[in-house]
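Structure data (mmCIF, C-alpha atoms) from input_29.cif:
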```cif
data_entry
loop_
_atom_site.label_atom_id
_atom_site.label_comp_id
_atom_site.auth_asym_id
_atom_site.auth_seq_id
_atom_site.Cartn_x
_atom_site.Cartn_y
_atom_site.Cartn_z
CA ALA D 27 0.00 0.00 0.00
CA ASP D 28 3.07 2.28 -0.15
CA ILE D 29 4.66 2.67 -3.61
CA THR D 30 7.60 4.78 -4.83
CA LEU D 31 8.52 5.13 -8.52
CA ILE D 32 11.76 6.84 -9.54
CA ASN D 33 12.83 7.69 -13.10
CA LEU D 34 10.54 5.22 -14.88
CA GLY D 35 8.90 5.37 -18.29
CA LEU D 36 5.32 4.11 -18.22
CA GLU D 37 3.19 3.80 -21.33
CA GLY D 38 -0.46 2.90 -21.84
CA ALA D 39 -2.22 2.01 -25.05
CA GLY D 40 -5.79 2.10 -26.35
CA THR D 41 -8.29 2.40 -23.51
CA GLY D 42 -5.67 1.70 -20.85
CA SER D 43 -3.59 4.14 -18.83
CA GLY D 44 0.13 4.79 -18.57
CA LEU D 45 -0.30 4.38 -14.80
CA HIS D 46 -3.59 3.28 -13.20
CA ILE D 47 -3.62 3.43 -9.40
CA GLN D 48 -6.78 1.79 -8.11
CA GLY D 49 -8.18 0.80 -4.75
CA ASN D 50 -6.51 0.58 -1.40
CA ILE D 51 -3.29 2.56 -1.87
CA ARG D 52 -2.15 4.49 1.17
CA ARG D 53 0.64 6.35 -0.57
CA ILE D 54 2.05 6.60 -4.11
CA ARG D 55 5.05 8.78 -4.92
CA ALA D 56 6.63 9.27 -8.34
CA TYR D 57 9.77 11.28 -9.10
CA GLY D 58 11.14 12.03 -12.57
CA CYS D 59 8.82 9.63 -14.39
CA LYS D 60 7.43 9.90 -17.92
CA ILE D 61 3.85 8.66 -18.01
CA GLU D 62 2.19 8.58 -21.41
CA GLY D 63 -0.47 7.06 -23.63
CA GLY D 64 -3.94 5.64 -23.12
CA THR D 65 -7.19 7.33 -22.19
CA SER D 66 -5.44 8.82 -19.16
CA ASN D 67 -1.71 9.07 -18.72
CA LEU D 68 -2.37 8.82 -14.97
CA LEU D 69 -5.63 7.51 -13.51
CA LEU D 70 -6.11 7.76 -9.74
CA GLU D 71 -9.25 5.78 -8.88
CA SER D 72 -10.68 5.07 -5.44
CA THR D 73 -13.05 2.10 -5.33
CA ALA D 74 -15.28 0.32 -2.84
CA ALA D 75 -12.20 -1.78 -2.01
CA GLY D 76 -10.34 1.26 -0.70
CA ALA D 77 -9.16 4.80 -1.22
CA ILE D 78 -6.08 6.53 -2.51
CA SER D 79 -5.07 8.69 0.43
CA GLU D 80 -1.84 10.35 -0.73
CA ALA D 81 -0.46 10.71 -4.26
CA ARG D 82 2.64 12.78 -5.03
CA PHE D 83 4.06 13.37 -8.49
CA ASP D 84 7.21 15.51 -8.67
CA ASP D 85 9.09 16.47 -11.84
CA CYS D 86 7.09 14.04 -14.00
CA GLU D 87 5.98 14.33 -17.61
CA PHE D 88 2.44 13.47 -18.71
CA ALA D 89 1.99 13.26 -22.49
CA TRP D 90 0.36 11.73 -25.53
CA GLY D 91 -2.96 10.54 -24.08
CA THR D 92 -6.57 11.60 -23.94
CA ASN D 93 -6.32 13.06 -20.41
CA ALA D 94 -3.02 13.79 -18.71
CA VAL D 95 -4.32 13.18 -15.16
CA ARG D 96 -7.79 11.86 -14.27
CA ILE D 97 -9.09 11.53 -10.72
CA ALA D 98 -12.12 9.30 -10.24
CA VAL D 99 -14.17 7.43 -7.66
CA SER D 100 -16.00 4.32 -8.82
CA GLY D 101 -18.73 2.43 -7.03
CA ALA D 102 -19.00 3.43 -3.39
CA GLY D 103 -15.35 4.41 -3.14
CA ASP D 104 -13.93 6.72 -0.51
CA PRO D 105 -12.41 10.09 -1.42
CA VAL D 106 -9.20 10.53 -3.38
CA THR D 107 -7.33 12.83 -1.02
CA GLN D 108 -4.01 14.68 -0.86
CA THR D 109 -3.07 14.64 -4.53
CA PHE D 110 0.07 16.73 -5.13
CA ILE D 111 1.27 17.34 -8.68
CA ARG D 112 4.35 19.53 -8.55
CA LYS D 113 6.88 20.76 -11.15
CA CYS D 114 5.41 18.49 -13.82
CA HIS D 115 5.13 19.01 -17.58
CA LEU D 116 1.74 18.22 -19.15
CA HIS D 117 1.47 18.27 -22.95
CA ASN D 118 -0.04 16.73 -26.08
CA TYR D 119 -3.26 15.40 -24.60
CA SER D 120 -6.47 15.51 -26.64
CA GLY D 121 -8.86 15.67 -23.68
CA ARG D 122 -8.01 17.52 -20.47
CA GLY D 123 -4.85 18.26 -18.50
CA VAL D 124 -6.12 17.55 -14.97
CA PHE D 125 -9.66 16.17 -14.85
CA VAL D 126 -11.63 15.58 -11.64
CA ASP D 127 -14.62 13.71 -13.00
CA THR D 128 -16.42 12.70 -9.83
CA VAL D 129 -17.16 13.67 -6.25
CA HIS D 130 -14.93 13.05 -3.23
CA THR D 131 -11.69 14.82 -4.17
CA ALA D 132 -10.05 16.75 -1.37
CA ASP D 133 -6.71 18.57 -1.19
CA LEU D 134 -5.85 18.67 -4.89
CA CYS D 135 -2.63 20.68 -5.15
CA LEU D 136 -1.20 21.73 -8.53
CA LEU D 137 2.04 23.57 -7.79
CA GLY D 138 4.55 24.98 -10.31
CA ASN D 139 3.47 22.86 -13.28
CA HIS D 140 3.86 23.66 -16.97
CA PHE D 141 0.76 23.06 -19.08
CA ALA D 142 1.96 23.28 -22.69
CA ARG D 143 0.26 23.86 -26.01
CA GLN D 144 0.04 20.96 -28.40
CA GLU D 145 3.17 20.18 -30.36
CA ASN D 146 1.74 21.96 -33.44
CA GLY D 147 1.11 25.13 -31.38
CA ASP D 148 -2.66 24.68 -31.00
CA GLU D 149 -4.51 25.08 -27.73
CA PRO D 150 -6.00 21.85 -26.39
CA ALA D 151 -9.64 21.35 -27.36
CA ASN D 152 -10.69 21.05 -23.70
CA GLN D 153 -9.63 22.43 -20.34
CA TYR D 154 -6.16 22.59 -18.89
CA VAL D 155 -7.82 21.96 -15.52
CA LEU D 156 -11.42 20.83 -15.00
CA ALA D 157 -12.04 20.46 -11.26
CA ASP D 158 -15.51 21.92 -10.85
CA VAL D 159 -17.18 19.13 -8.85
CA ALA D 160 -18.59 20.94 -5.80
CA SER D 161 -16.73 18.86 -3.19
CA THR D 162 -13.31 19.44 -4.77
CA THR D 163 -10.90 21.39 -2.56
CA GLY D 164 -7.27 22.36 -2.94
CA VAL D 165 -4.91 24.95 -4.36
CA ILE D 166 -3.58 25.80 -7.82
CA GLN D 167 -0.51 27.97 -7.49
CA GLY D 168 2.54 28.97 -9.53
CA ASN D 169 1.52 27.14 -12.70
CA TYR D 170 2.21 28.22 -16.29
CA PHE D 171 -0.72 28.12 -18.68
CA PRO D 172 -0.35 29.10 -22.35
CA ALA D 173 -3.85 30.64 -22.54
CA ALA D 174 -5.81 33.18 -20.58
CA GLU D 175 -8.19 32.06 -17.87
CA ALA D 176 -10.96 33.87 -19.72
CA THR D 177 -10.84 31.22 -22.44
CA THR D 178 -12.62 28.78 -20.06
CA LYS D 179 -9.61 26.50 -20.14
CA ILE D 180 -9.49 26.45 -16.33
CA VAL D 181 -12.75 25.59 -14.54
CA LEU D 182 -12.62 25.17 -10.76
CA ALA D 183 -14.95 24.51 -7.84
CA THR D 184 -15.22 27.28 -5.26
CA GLY D 185 -13.23 25.15 -2.80
CA VAL D 186 -10.14 25.30 -5.00
CA ARG D 187 -8.01 28.36 -4.28
CA ARG D 188 -5.74 29.78 -6.94
CA SER D 189 -2.96 32.32 -6.91
CA GLY D 190 0.27 33.26 -8.64
CA ASN D 191 -0.43 31.41 -11.89
CA TRP D 192 1.00 32.79 -15.11
CA PHE D 193 -0.76 33.01 -18.46
CA THR D 194 0.87 33.86 -21.80
CA ASP D 195 -1.33 36.91 -22.26
CA GLY D 196 0.06 38.37 -19.05
CA GLY D 197 -2.92 37.53 -16.88
CA ASP D 198 -2.31 36.42 -13.33
CA VAL D 199 -4.81 34.88 -10.96
#
```
Could you show the structure in this file as structure tokens?
Amino acid sequence: ADITLINLGLEGAGTGSGLHIQGNIRRIRAYGCKIEGGTSNLLLESTAAGAISEARFDDCEFAWGTNAVRIAVSGAGDPVTQTFIRKCHLHNYSGRGVFVDTVHTADLCLLGNHFARQENGDEPANQYVLADVASTTGVIQGNYFPAAEATTKIVLATGVRRSGNWFTDGGDV
């Protein structure tokens, strides 16, 4: 129930995930990993069998999937809590950068990450961050986004605080 990954390349294909953490995981930490491919590069999923209570991703790269990071609860799962994504590079995803698609997500912290445009220079079709489920709490601070917040590329619940983020048009929230 306590996992540490250091400097690994993880790749998903098709409907899979580069890294799918599911069920009773007390703590997962990843440092310097490249996680790519699949419907979600990283899928954190609490289930009826147990919750994910602490996930830390430092200096990782999430690329070439539908969603870079997806946080979900299936069945009667407990909350996904204490998710820290720090100093990571998220790029070339066709869906969303960070996607909270269900209830029960507390303490989501996105700190100092770089959300990049697609390789061809286009903006992603969807949000850089979609964490608007009412029970979502956390902080988004010190991130770089290549589009203005006004473009609806960042959609947050009221429980998610944001500050010191940088946007290419000079905006700062």
Hey, could you make a per-residue contact list for region 95-142 of chain D against region 60-69 of chain D with 9 Å as the cut-off, showing the nearest pair of atoms and its distance in Å to one decimal, counting all atoms listed in the file, sorted by chain and number, as JSON lines?
```
{"residue": "D:Val95", "atom": "CA", "partner": "D:Leu68", "partner_atom": "CA", "distance": 4.8}
{"residue": "D:Arg96", "atom": "CA", "partner": "D:Leu69", "partner_atom": "CA", "distance": 4.9}
{"residue": "D:Ile97", "atom": "CA", "partner": "D:Leu69", "partner_atom": "CA", "distance": 6.0}
{"residue": "D:Ala98", "atom": "CA", "partner": "D:Leu69", "partner_atom": "CA", "distance": 7.5}
{"residue": "D:Tyr119", "atom": "CA", "partner": "D:Asn67", "partner_atom": "CA", "distance": 8.8}
{"residue": "D:Gly121", "atom": "CA", "partner": "D:Thr65", "partner_atom": "CA", "distance": 8.6}
```
(request) Figure out the distance between CA of Ala39 (chain D) and CA of Cys59 (chain D), please, to one decimal in Å. (result) 17.1 Å
(request) Mind checking which residues fall within 7 Å of Ile166 (chain D), counting all atoms listed in the file, ignoring those fewer than 3 positions away in the same chain, and posting them as a ChimeraX atom specification? (result) /D:135-137,187-189
(request) Taking the point (-4.0, 2.5, -2.6) as given in the file, collect each protein or nucleic acid residue that comes within 9 Å of it, counting all atoms listed in the file, and present the set as a ChimeraX atom specification. (result) /D:27-29,47-54,71-72,76-80
(request) Starting from the displayed file, determine the output of the PyMOL selection byres ((chain D and resi 104) around 7) and express the residue list as a PyMOL selection string. (result) chain D and resi 72-74+76-77+102-103+105-106+130
